[in-house]
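A.B. asks: Got a structure here, written out as structure tokens. Questions coming.
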Amino acid sequence: MSTNVLVTGGCGFIGSNLVRYLLRERPDWKVVNLDRLTYAGNLENLAGLEDESRHVFVHGDISDRACVDRVLREHAIDAVLHLAAESHVDRSIEGPAVFVTTNVLGTQHLLEACRAHGVRRFVQCSTDEVYGSLGPSGAFTETSPLQPSSPYSASKTGADLLALAYHHTYGLDVVVTRCSNNYGRYQFPEKLIPRMVVNALRDQRLPVYGDGQHVRDWLHVEDHCQGLLLALERGRAGQVYNLGGGAERKNLDLVKGILAALGKPESLIEFVTDRPGHDRRYAIDAAKSRRELGWAPTHSFEEGLADTVRWYVEHPVWWERVLSGAYRSTVTLARRGHGA
């Protein structure tokens with residue numbers, strides 16, 4: 001479908017995995033990566049792509065209309081995969097304003113630019129958190145009510161609705177995807193799995209919210225990338241597609257599994273005060289994506305988690321540089337015109 005694709009937030013966890021996935025799976029495509037390099041954006045996630053001519057890194061902000069216009073025009077962008085977002089629930093509780101600014105207003109600026117430049121397809125990458133919390137049974141479908149519980153999920157809900165409104169009002173070709181919790185390589189260590197792995201490797205306490213019985217549906221990041229590509233190429237305009245791993249796990253069981261894989265004692269677990277408004281359970285019904293996109297996860301959770309834990313064990317330099325802040329030196333290089 002497309003040869004020149006813009007990935008926003010391509011230096012983040014999912015974004016950098018998506019950039020690598022697209023370059024591997026679509027060898028005739030050019031992938032333009034627009035990233036503001038906030039704390040979660042890390043050029044070191046794209047190590048090894050320095051000499052890849054099909055990957056172009058642009059240090060910029062989706063809210064900077066002049067920058068976005070220039071990127072869309074100079075690279076003749078056919079399609080946009082929009083992943084740039086503030087995404088950590090705890091941070092949204094502490095400071096919600098930046099989530100509204102980036103996730104809602106930033107998305108609107110990007111949509112308007114895409115409309116002006118005739119972009120052929122816009123994929124809005126979203127989250128199952130827009131649906132709120134489930135009881136002990138059932139799963140979210142694409143028609144489930146939107147009931148966000150945190151400033152983060154509310155901002156993503158707003159972005160989704162804006163994207164769909166641009167389709168219905170202006171005819172912009174928009175597809176929305178909503179995924180369950182991702183895990184895999186290059187995930188910032190504030191998120192559950194990498195934080196637990198890194199803390200265990202350092203023999204530090206592993207903080208578990210509340211009683212640890214909160215349930216999440218886990219999706220390997222490469223399976224998510226496959227779903228995004230299929231949504232881009234096969235999705236119907238104006239539609240929403242759920243992407244879930246079908247791997248529900250209680251947080252406490254997950255943490256115990258990580259400790260067992262690392263040969264660390266469960267005594268490292270420390271129960272801490274629960275997060276305000278903490279959703280109890282998420283689960284995704286991905287039947288529509290299977291039916292219309294031909295998508296299905298290929299990684300079992302056990303194998304995917306083992307590979308992920310092994311990667312963090314084998315790449316201490318990467319996460320040590322993140323924890324120390326040394327990775328931020330790449331921002332300076334980017335501002336001087338260097339990129340991945």
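Just so we're on the same page: first chain in the structure tokens is A, next is B, and so on; residues restart at 1 for each chain, and ligands are numbered from 1 in the order they show up.
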Based on DSSP run over this structure's backbone, return all residues of segment 27-225 of chain A in strand (DSSP E), as a VMD selection string.
C.D. replies: chain A and resid 30 to 35 55 to 59 79 to 82 121 to 127 174 to 179 181 to 183 206 to 209 215 to 220
A.B. asks: Given only C-alpha atoms, how would the per-residue table for segment 58-144 of chain A near segment 287-303 of chain A read, listing every residue at most 12 Å away with its closest atom pair and distance in Å to one decimal, sorted by chain and number, as a Markdown table?
C.D. replies:
| residue | atom | partner | partner_atom | distance |
| --- | --- | --- | --- | --- |
| A:Ala139 | CA | A:Ala287 | CA | 10.8 |
| A:Phe140 | CA | A:Ala287 | CA | 10.6 |
| A:Thr141 | CA | A:Lys288 | CA | 8.4 |
| A:Glu142 | CA | A:Lys288 | CA | 8.2 |
| A:Thr143 | CA | A:Lys288 | CA | 10.9 |
A.B. asks: Would you mind exporting the chosen residues as a tab-separated table (two decimals), in the first residue's frame, restricted to C-alpha atoms?
C.D. replies:
chain	number	residue	atom	x	y	z
A	139	ALA	CA	-13.58	-9.21	27.56
A	140	PHE	CA	-13.51	-5.85	25.81
A	141	THR	CA	-14.82	-5.71	22.25
A	142	GLU	CA	-14.58	-2.79	19.86
A	143	THR	CA	-18.13	-1.77	20.83
A.B. asks: Output as a ChimeraX atom specification all residues of segment 179-260 of chain A that backbone DSSP marks as helix (DSSP H, G or I).
C.D. replies: /A:192-201,221-234,251-260
A.B. asks: Quick one: of A:Trp319, A:Tyr186, A:Trp29, A:Tyr327, who's nearest to Ile77 of chain A, counting only C-alpha atoms?
C.D. replies: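 Smallest distance to Ile77 of chain A is found for A:Trp29.
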A.B. asks: As a PyMOL selection string, please: the residues near segment 53-58 of chain A (cut-off 8 Å, only C-alpha atoms, same-chain neighbours under 4 positions excluded).
C.D. replies: chain A and resi 23+29-35+49+339-340
A.B. asks: Ranking A:Gly277, A:Gly210, A:Gly135, A:Gly244 by minimum distance to Pro148 of chain A and counting only C-alpha atoms, which one comes first?
C.D. replies: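 Selected residue with least distance to Pro148 of chain A: A:Gly277.
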A.B. asks: Given only C-alpha atoms as the basis, pick out the residue of A:Asp61, A:Asp28, A:Glu44, A:Glu52 nearest to Val317 of chain A.
C.D. replies: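 Using only C-alpha atoms, Val317 of chain A sits closest to A:Glu44.
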A.B. asks: Measuring between only C-alpha atoms, which one of A:Cys114, A:Leu228, A:Ile93, A:Val198 shows the shortest distance to Val71 of chain A?
C.D. replies: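 Answer, going by the shortest atom-to-atom distance: A:Cys114.
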A.B. asks: Compile the contact shell of Gly325 of chain A as a PyMOL selection string: residues with an atom at most 12 Å away, counting only C-alpha atoms, same-chain residues fewer than 3 positions apart removed.
C.D. replies: chain A and resi 38-42+188-189+317-322+328-331
A.B. asks: Could you pull the residues within 8 Å of Ala113 of chain A, counting only C-alpha atoms, minus those fewer than 6 positions along the same chain, as an NGL selection string?
C.D. replies: :A and (65 or 68-69)
A.B. asks: Calculated over only C-alpha atoms, which of the candidates A:Asn199, A:Thr102, A:Thr308, A:Ser267 has the smallest distance to Gly9 of chain A?
C.D. replies: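 Looking at the shortest contact to Gly9 of chain A, the residue is A:Thr102.
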A.B. asks: Find the distance between atom CA of Arg280 of chain A and atom CA of Val215 of chain A and write it in Å to one decimal.
C.D. replies: 6.3 Å
A.B. asks: In Å to one decimal, how far is atom CA of Tyr166 of chain A from atom CA of Arg73 of chain A?
C.D. replies: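 For atom CA of Arg73 of chain A relative to atom CA of Tyr166 of chain A, the distance reads 20.2 Å.
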A.B. asks: Would you kindly return, as a count of residues only, each protein, DNA or RNA residue with an atom no farther than 12 Å from any atom of Leu111 of chain A, considering only C-alpha atoms and excluding same-chain residues fewer than 2 positions away?
C.D. replies: 43
A.B. asks: What's the separation between atom CA of Gly95 of chain A and atom CA of Arg275 of chain A, in Å to one decimal place?
C.D. replies: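 We find that atom CA of Gly95 of chain A and atom CA of Arg275 of chain A lie 14.3 Å from each other.
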A.B. asks: Considering only C-alpha atoms, state which residue in the set A:Asp285, A:Asp253, A:Glu129, A:Glu222 is at the smallest distance from Gln147 of chain A.
C.D. replies: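 The answer is A:Glu129, which sits nearest to Gln147 of chain A.
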